[in-house]
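Reproduced below: structure.txt, with compact mmCIF, N, CA and C atoms.
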# COMPACT_ATOMS: atom_id res chain seq x y z
N GLY A 1 0.81 -1.19 0.00
CA GLY A 1 0.00 0.00 0.00
C GLY A 1 0.85 1.25 0.00
N GLY A 2 0.18 2.38 -0.15
CA GLY A 2 0.86 3.66 -0.16
C GLY A 2 1.13 4.22 1.22
N GLY A 3 0.81 3.45 2.25
CA GLY A 3 0.98 3.94 3.60
C GLY A 3 -0.28 4.53 4.18
N TYR A 4 -1.36 4.52 3.39
CA TYR A 4 -2.61 5.12 3.84
C TYR A 4 -3.58 4.03 4.28
N ASN A 5 -4.12 4.18 5.48
CA ASN A 5 -5.10 3.23 5.99
C ASN A 5 -5.92 3.97 7.03
N VAL A 6 -7.14 4.33 6.67
CA VAL A 6 -7.97 5.16 7.55
C VAL A 6 -8.29 4.43 8.85
N ILE A 7 -8.42 3.13 8.82
CA ILE A 7 -8.72 2.37 10.05
C ILE A 7 -7.54 2.46 11.02
N LEU A 8 -6.33 2.24 10.51
CA LEU A 8 -5.15 2.38 11.38
C LEU A 8 -5.01 3.80 11.89
N HIS A 9 -5.29 4.76 11.03
CA HIS A 9 -5.18 6.17 11.39
C HIS A 9 -6.12 6.50 12.56
N GLU A 10 -7.38 6.10 12.42
CA GLU A 10 -8.37 6.40 13.46
C GLU A 10 -8.11 5.58 14.73
N MET A 11 -7.60 4.34 14.58
CA MET A 11 -7.24 3.54 15.74
C MET A 11 -6.15 4.26 16.54
N ALA A 12 -5.17 4.82 15.84
CA ALA A 12 -4.09 5.55 16.53
C ALA A 12 -4.67 6.73 17.30
N HIS A 13 -5.62 7.46 16.71
CA HIS A 13 -6.24 8.58 17.45
C HIS A 13 -6.95 8.06 18.70
N GLN A 14 -7.65 6.94 18.59
CA GLN A 14 -8.35 6.39 19.76
C GLN A 14 -7.35 6.03 20.86
N LEU A 15 -6.25 5.41 20.49
CA LEU A 15 -5.22 5.07 21.48
C LEU A 15 -4.63 6.34 22.09
N ASP A 16 -4.40 7.35 21.25
CA ASP A 16 -3.85 8.62 21.70
C ASP A 16 -4.77 9.27 22.75
N MET A 17 -6.07 9.12 22.58
CA MET A 17 -7.04 9.79 23.47
C MET A 17 -7.33 9.01 24.75
N LEU A 18 -6.68 7.88 24.95
CA LEU A 18 -6.90 7.13 26.19
C LEU A 18 -6.41 7.87 27.42
N ASN A 19 -5.54 8.86 27.24
CA ASN A 19 -5.03 9.63 28.37
C ASN A 19 -5.31 11.13 28.22
N GLY A 20 -6.37 11.46 27.49
CA GLY A 20 -6.74 12.87 27.33
C GLY A 20 -6.91 13.21 25.87
N PRO A 21 -6.81 14.50 25.53
CA PRO A 21 -6.99 14.91 24.14
C PRO A 21 -5.92 14.32 23.23
N ALA A 22 -6.25 14.16 21.97
CA ALA A 22 -5.28 13.66 20.99
C ALA A 22 -4.15 14.68 20.87
N ASP A 23 -2.94 14.24 21.24
CA ASP A 23 -1.79 15.15 21.22
C ASP A 23 -0.51 14.46 20.75
N GLY A 24 -0.65 13.22 20.25
CA GLY A 24 0.53 12.50 19.79
C GLY A 24 1.29 11.82 20.91
N PHE A 25 0.69 11.77 22.09
CA PHE A 25 1.35 11.16 23.25
C PHE A 25 0.37 10.22 23.94
N PRO A 26 0.23 9.00 23.41
CA PRO A 26 -0.68 8.03 24.02
C PRO A 26 -0.10 7.48 25.32
N PRO A 27 -0.90 6.78 26.10
CA PRO A 27 -0.33 6.15 27.30
C PRO A 27 0.67 5.07 26.89
N LEU A 28 1.88 5.19 27.39
CA LEU A 28 2.95 4.26 27.02
C LEU A 28 2.98 3.07 27.98
N HIS A 29 3.58 1.97 27.52
CA HIS A 29 3.80 0.83 28.40
C HIS A 29 4.81 1.24 29.46
N ARG A 30 4.74 0.62 30.62
CA ARG A 30 5.64 0.98 31.72
C ARG A 30 7.11 0.87 31.34
N SER A 31 7.43 -0.03 30.43
CA SER A 31 8.83 -0.24 30.04
C SER A 31 9.35 0.83 29.07
N MET A 32 8.48 1.73 28.65
CA MET A 32 8.87 2.73 27.66
C MET A 32 9.15 4.09 28.31
N PRO A 33 10.39 4.56 28.25
CA PRO A 33 10.68 5.88 28.83
C PRO A 33 9.97 7.00 28.07
N VAL A 34 9.28 7.83 28.80
CA VAL A 34 8.56 8.97 28.20
C VAL A 34 9.54 9.86 27.45
N SER A 35 10.73 10.07 28.02
CA SER A 35 11.70 10.97 27.39
C SER A 35 12.11 10.48 26.00
N ALA A 36 12.26 9.17 25.84
CA ALA A 36 12.66 8.62 24.54
C ALA A 36 11.54 8.82 23.51
N TRP A 37 10.30 8.60 23.93
CA TRP A 37 9.16 8.82 23.04
C TRP A 37 9.10 10.28 22.59
N LYS A 38 9.14 11.17 23.56
CA LYS A 38 9.00 12.60 23.24
C LYS A 38 10.15 13.07 22.37
N ARG A 39 11.37 12.63 22.64
CA ARG A 39 12.52 13.03 21.85
C ARG A 39 12.38 12.54 20.41
N ALA A 40 12.04 11.26 20.24
CA ALA A 40 11.92 10.68 18.90
C ALA A 40 10.86 11.41 18.08
N PHE A 41 9.69 11.62 18.67
CA PHE A 41 8.60 12.24 17.92
C PHE A 41 8.82 13.74 17.70
N THR A 42 9.37 14.43 18.69
CA THR A 42 9.62 15.86 18.54
C THR A 42 10.66 16.10 17.45
N GLU A 43 11.76 15.34 17.49
CA GLU A 43 12.81 15.51 16.48
C GLU A 43 12.30 15.20 15.08
N ALA A 44 11.53 14.12 14.94
CA ALA A 44 11.02 13.74 13.62
C ALA A 44 10.02 14.77 13.10
N TYR A 45 9.16 15.26 13.98
CA TYR A 45 8.16 16.26 13.59
C TYR A 45 8.86 17.54 13.14
N GLN A 46 9.88 17.96 13.89
CA GLN A 46 10.62 19.17 13.51
C GLN A 46 11.38 18.95 12.21
N GLN A 47 11.99 17.79 12.05
CA GLN A 47 12.70 17.47 10.80
C GLN A 47 11.75 17.52 9.62
N ARG A 48 10.55 16.97 9.80
CA ARG A 48 9.53 16.98 8.75
C ARG A 48 9.17 18.41 8.37
N ASN A 49 9.01 19.27 9.37
CA ASN A 49 8.63 20.66 9.11
C ASN A 49 9.74 21.43 8.43
N VAL A 50 11.00 21.16 8.77
CA VAL A 50 12.15 21.81 8.12
C VAL A 50 12.20 21.38 6.65
N THR A 51 12.00 20.10 6.41
CA THR A 51 12.00 19.58 5.03
C THR A 51 10.98 20.33 4.18
N VAL A 52 9.78 20.50 4.71
CA VAL A 52 8.71 21.19 3.99
C VAL A 52 9.04 22.68 3.84
N ALA A 53 9.58 23.29 4.88
CA ALA A 53 9.93 24.71 4.83
C ALA A 53 10.99 24.98 3.76
N ARG A 54 11.82 23.99 3.49
CA ARG A 54 12.85 24.13 2.46
C ARG A 54 12.32 23.84 1.06
N GLY A 55 11.03 23.57 0.97
CA GLY A 55 10.41 23.36 -0.33
C GLY A 55 10.43 21.93 -0.83
N HIS A 56 10.77 20.99 0.04
CA HIS A 56 10.81 19.58 -0.35
C HIS A 56 9.53 18.88 0.10
N ALA A 57 9.18 17.83 -0.61
CA ALA A 57 8.01 17.03 -0.22
C ALA A 57 8.36 16.24 1.03
N PRO A 58 7.44 16.15 1.99
CA PRO A 58 7.71 15.35 3.17
C PRO A 58 7.73 13.86 2.81
N PRO A 59 8.48 13.05 3.56
CA PRO A 59 8.59 11.63 3.22
C PRO A 59 7.34 10.81 3.54
N ILE A 60 6.42 11.41 4.31
CA ILE A 60 5.16 10.73 4.61
C ILE A 60 4.03 11.70 4.29
N ASP A 61 2.81 11.23 4.38
CA ASP A 61 1.62 12.01 4.05
C ASP A 61 1.72 13.43 4.62
N PRO A 62 1.56 14.46 3.78
CA PRO A 62 1.64 15.84 4.26
C PRO A 62 0.69 16.15 5.42
N TYR A 63 -0.39 15.39 5.53
CA TYR A 63 -1.36 15.61 6.61
C TYR A 63 -0.70 15.47 7.98
N ALA A 64 0.40 14.73 8.04
CA ALA A 64 1.12 14.54 9.31
C ALA A 64 1.59 15.86 9.90
N GLY A 65 1.73 16.88 9.06
CA GLY A 65 2.22 18.16 9.54
C GLY A 65 1.20 19.03 10.24
N HIS A 66 -0.07 18.61 10.25
CA HIS A 66 -1.11 19.43 10.88
C HIS A 66 -0.94 19.56 12.38
N SER A 67 -0.45 18.52 13.04
CA SER A 67 -0.30 18.54 14.49
C SER A 67 0.46 17.30 14.93
N PRO A 68 0.98 17.31 16.17
CA PRO A 68 1.61 16.09 16.68
C PRO A 68 0.65 14.89 16.71
N ALA A 69 -0.64 15.14 16.94
CA ALA A 69 -1.61 14.04 16.94
C ALA A 69 -1.70 13.41 15.55
N GLU A 70 -1.73 14.24 14.52
CA GLU A 70 -1.79 13.70 13.15
C GLU A 70 -0.46 13.04 12.77
N PHE A 71 0.64 13.57 13.27
CA PHE A 71 1.93 12.95 12.99
C PHE A 71 1.96 11.54 13.58
N PHE A 72 1.48 11.37 14.80
CA PHE A 72 1.41 10.04 15.42
C PHE A 72 0.50 9.12 14.61
N ALA A 73 -0.66 9.60 14.19
CA ALA A 73 -1.60 8.77 13.44
C ALA A 73 -1.02 8.37 12.09
N VAL A 74 -0.41 9.30 11.39
CA VAL A 74 0.16 9.00 10.07
C VAL A 74 1.37 8.07 10.19
N THR A 75 2.23 8.32 11.17
CA THR A 75 3.38 7.41 11.33
C THR A 75 2.91 6.02 11.74
N SER A 76 1.81 5.93 12.45
CA SER A 76 1.25 4.61 12.78
C SER A 76 0.78 3.89 11.51
N GLU A 77 0.15 4.63 10.61
CA GLU A 77 -0.25 4.04 9.33
C GLU A 77 0.98 3.49 8.60
N PHE A 78 2.01 4.31 8.49
CA PHE A 78 3.21 3.89 7.78
C PHE A 78 3.93 2.75 8.49
N PHE A 79 3.86 2.72 9.81
CA PHE A 79 4.48 1.64 10.57
C PHE A 79 3.95 0.27 10.12
N PHE A 80 2.65 0.20 9.92
CA PHE A 80 2.05 -1.08 9.51
C PHE A 80 2.04 -1.28 8.00
N GLU A 81 1.86 -0.20 7.24
CA GLU A 81 1.67 -0.32 5.80
C GLU A 81 2.98 -0.23 5.00
N ARG A 82 3.91 0.60 5.45
CA ARG A 82 5.19 0.79 4.75
C ARG A 82 6.31 0.92 5.77
N PRO A 83 6.54 -0.15 6.54
CA PRO A 83 7.49 -0.06 7.65
C PRO A 83 8.91 0.29 7.22
N ALA A 84 9.38 -0.23 6.09
CA ALA A 84 10.75 0.06 5.65
C ALA A 84 10.91 1.55 5.35
N HIS A 85 9.88 2.14 4.75
CA HIS A 85 9.91 3.57 4.42
C HIS A 85 9.98 4.40 5.71
N LEU A 86 9.14 4.05 6.68
CA LEU A 86 9.14 4.79 7.94
C LEU A 86 10.48 4.62 8.65
N GLU A 87 11.00 3.40 8.71
CA GLU A 87 12.26 3.18 9.42
C GLU A 87 13.40 3.95 8.74
N HIS A 88 13.37 4.02 7.41
CA HIS A 88 14.41 4.74 6.68
C HIS A 88 14.40 6.24 7.02
N HIS A 89 13.22 6.84 7.04
CA HIS A 89 13.12 8.28 7.24
C HIS A 89 13.09 8.70 8.71
N TYR A 90 12.47 7.89 9.55
CA TYR A 90 12.33 8.22 10.97
C TYR A 90 12.63 6.99 11.82
N PRO A 91 13.91 6.56 11.87
CA PRO A 91 14.25 5.32 12.58
C PRO A 91 13.89 5.34 14.06
N ASN A 92 14.03 6.49 14.71
CA ASN A 92 13.71 6.53 16.15
C ASN A 92 12.21 6.43 16.38
N VAL A 93 11.43 7.02 15.50
CA VAL A 93 9.96 6.88 15.60
C VAL A 93 9.58 5.43 15.35
N TYR A 94 10.21 4.81 14.36
CA TYR A 94 9.92 3.39 14.10
C TYR A 94 10.17 2.56 15.35
N ARG A 95 11.31 2.78 16.01
CA ARG A 95 11.63 1.99 17.21
C ARG A 95 10.62 2.23 18.32
N GLN A 96 10.18 3.48 18.48
CA GLN A 96 9.18 3.77 19.52
C GLN A 96 7.85 3.09 19.20
N LEU A 97 7.45 3.12 17.93
CA LEU A 97 6.19 2.48 17.55
C LEU A 97 6.29 0.96 17.69
N ALA A 98 7.46 0.38 17.42
CA ALA A 98 7.63 -1.07 17.59
C ALA A 98 7.43 -1.43 19.06
N ALA A 99 7.96 -0.61 19.96
CA ALA A 99 7.77 -0.86 21.40
C ALA A 99 6.32 -0.64 21.80
N PHE A 100 5.71 0.43 21.26
CA PHE A 100 4.32 0.75 21.62
C PHE A 100 3.35 -0.32 21.13
N TYR A 101 3.48 -0.71 19.87
CA TYR A 101 2.56 -1.70 19.29
C TYR A 101 3.01 -3.14 19.56
N ARG A 102 4.16 -3.27 20.21
CA ARG A 102 4.71 -4.57 20.60
C ARG A 102 4.84 -5.53 19.42
N GLN A 103 5.37 -5.00 18.34
CA GLN A 103 5.66 -5.81 17.16
C GLN A 103 6.61 -5.06 16.26
N ASP A 104 7.23 -5.80 15.36
CA ASP A 104 8.22 -5.23 14.46
C ASP A 104 7.92 -5.72 13.05
N PRO A 105 7.11 -4.98 12.30
CA PRO A 105 6.69 -5.44 10.96
C PRO A 105 7.85 -5.77 10.02
N LEU A 106 9.00 -5.13 10.18
CA LEU A 106 10.12 -5.40 9.29
C LEU A 106 10.75 -6.76 9.53
N ARG A 107 10.55 -7.29 10.71
CA ARG A 107 11.20 -8.55 11.05
C ARG A 107 10.22 -9.71 11.18
N ARG A 108 9.03 -9.53 10.65
CA ARG A 108 8.05 -10.62 10.66
C ARG A 108 8.46 -11.71 9.70
N SER A 109 8.20 -12.92 10.06
CA SER A 109 8.42 -14.03 9.12
C SER A 109 7.30 -14.05 8.10
N PRO A 110 7.63 -14.34 6.84
CA PRO A 110 6.55 -14.45 5.84
C PRO A 110 5.62 -15.61 6.21
N VAL A 111 4.34 -15.39 6.01
CA VAL A 111 3.36 -16.44 6.35
C VAL A 111 3.29 -17.47 5.26

Mind turning this structure into structure tokens?
Amino acid sequence: GGGYNVILHEMAHQLDMLNGPADGFPPLHRSMPVSAWKRAFTEAYQQRNVTVARGHAPPIDPYAGHSPAEFFAVTSEFFFERPAHLEHHYPNVYRQLAAFYRQDPLRRSPV
């Protein structure tokens, strides 16, 4: 797929809202340091915005730039739909999502 999946996108928003308004910071597992999550997502979001400000197309759906909540939802879509693409452009976000979703799509065995 192209990385677009409205069901995954909306599921990510629902998970995000389990601890308040959608803000790109869902409730993390106890084993996940909050600082690592915030650093990975903040750096990637800022990198994405710099890329766009320089006149380049963002590596993921432009809608991700609307807010941190949308960035989380769009990166969640790419995590499941185009994991290699996400890992290439935002490796730290990929690692955080692998811990959050407790799976690693890039290392799955073929069925």

(message) List as a PyMOL selection string the protein and nucleic acid residues near Phe25 of chain A, meaning an atom at most 6.5 Å away when all atoms listed in the file are counted, but skip any in the same chain fewer than 2 places from it.
(response) chain A and resi 16+22-23+27-28+68-69

Take the residues just selected and output them with N, CA and C atoms as a PDB file, in the frame of the given file.
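Output below, filename out35.pdb:
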ATOM      1  N   ASP A  16      -4.400   7.350  21.250  1.00  0.00           N
ATOM      2  CA  ASP A  16      -3.850   8.620  21.700  1.00  0.00           C
ATOM      3  C   ASP A  16      -4.770   9.270  22.750  1.00  0.00           C
ATOM      4  N   ALA A  22      -6.250  14.160  21.970  1.00  0.00           N
ATOM      5  CA  ALA A  22      -5.280  13.660  20.990  1.00  0.00           C
ATOM      6  C   ALA A  22      -4.150  14.680  20.870  1.00  0.00           C
ATOM      7  N   ASP A  23      -2.940  14.240  21.240  1.00  0.00           N
ATOM      8  CA  ASP A  23      -1.790  15.150  21.220  1.00  0.00           C
ATOM      9  C   ASP A  23      -0.510  14.460  20.750  1.00  0.00           C
ATOM     10  N   PRO A  27      -0.900   6.780  26.100  1.00  0.00           N
ATOM     11  CA  PRO A  27      -0.330   6.150  27.300  1.00  0.00           C
ATOM     12  C   PRO A  27       0.670   5.070  26.890  1.00  0.00           C
ATOM     13  N   LEU A  28       1.880   5.190  27.390  1.00  0.00           N
ATOM     14  CA  LEU A  28       2.950   4.260  27.020  1.00  0.00           C
ATOM     15  C   LEU A  28       2.980   3.070  27.980  1.00  0.00           C
ATOM     16  N   PRO A  68       0.980  17.310  16.170  1.00  0.00           N
ATOM     17  CA  PRO A  68       1.610  16.090  16.680  1.00  0.00           C
ATOM     18  C   PRO A  68       0.650  14.890  16.710  1.00  0.00           C
ATOM     19  N   ALA A  69      -0.640  15.140  16.940  1.00  0.00           N
ATOM     20  CA  ALA A  69      -1.610  14.040  16.940  1.00  0.00           C
ATOM     21  C   ALA A  69      -1.700  13.410  15.550  1.00  0.00           C
TER      22      ALA A  69
END

(message) Please compute the atom C of Glu81 of chain A-atom CA of Gly2 of chain A distance, one decimal, in Å.
(response)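 Separation of atom C of Glu81 of chain A and atom CA of Gly2 of chain A: 6.8 Å.
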
(message) Using only C-alpha atoms and a cutoff of 12 Å, can you tell me which residues are near (7.7, 1.8, 15.2) in the file's coordinates, and write them out as a ChimeraX atom specification?
(response) /A:37,40-41,72-107

(message) Quick one: residues within 6 Å of Pro26 of chain A, all atoms listed in the file, excluding same-chain residues fewer than 6 positions away - as number ranges by chain?
(response) A: 15-17, 19

Give the centre and edge lengths of an axis-aligned box, in Å to one decimal, that holds all listed atoms of segment 49-52 of chain A with 3 Å on each side, as lines of an AutoDock Vina configuration file.
center_x = 10.4
center_y = 21.0
center_z = 6.6
size_x = 9.6
size_y = 9.4
size_z = 11.5
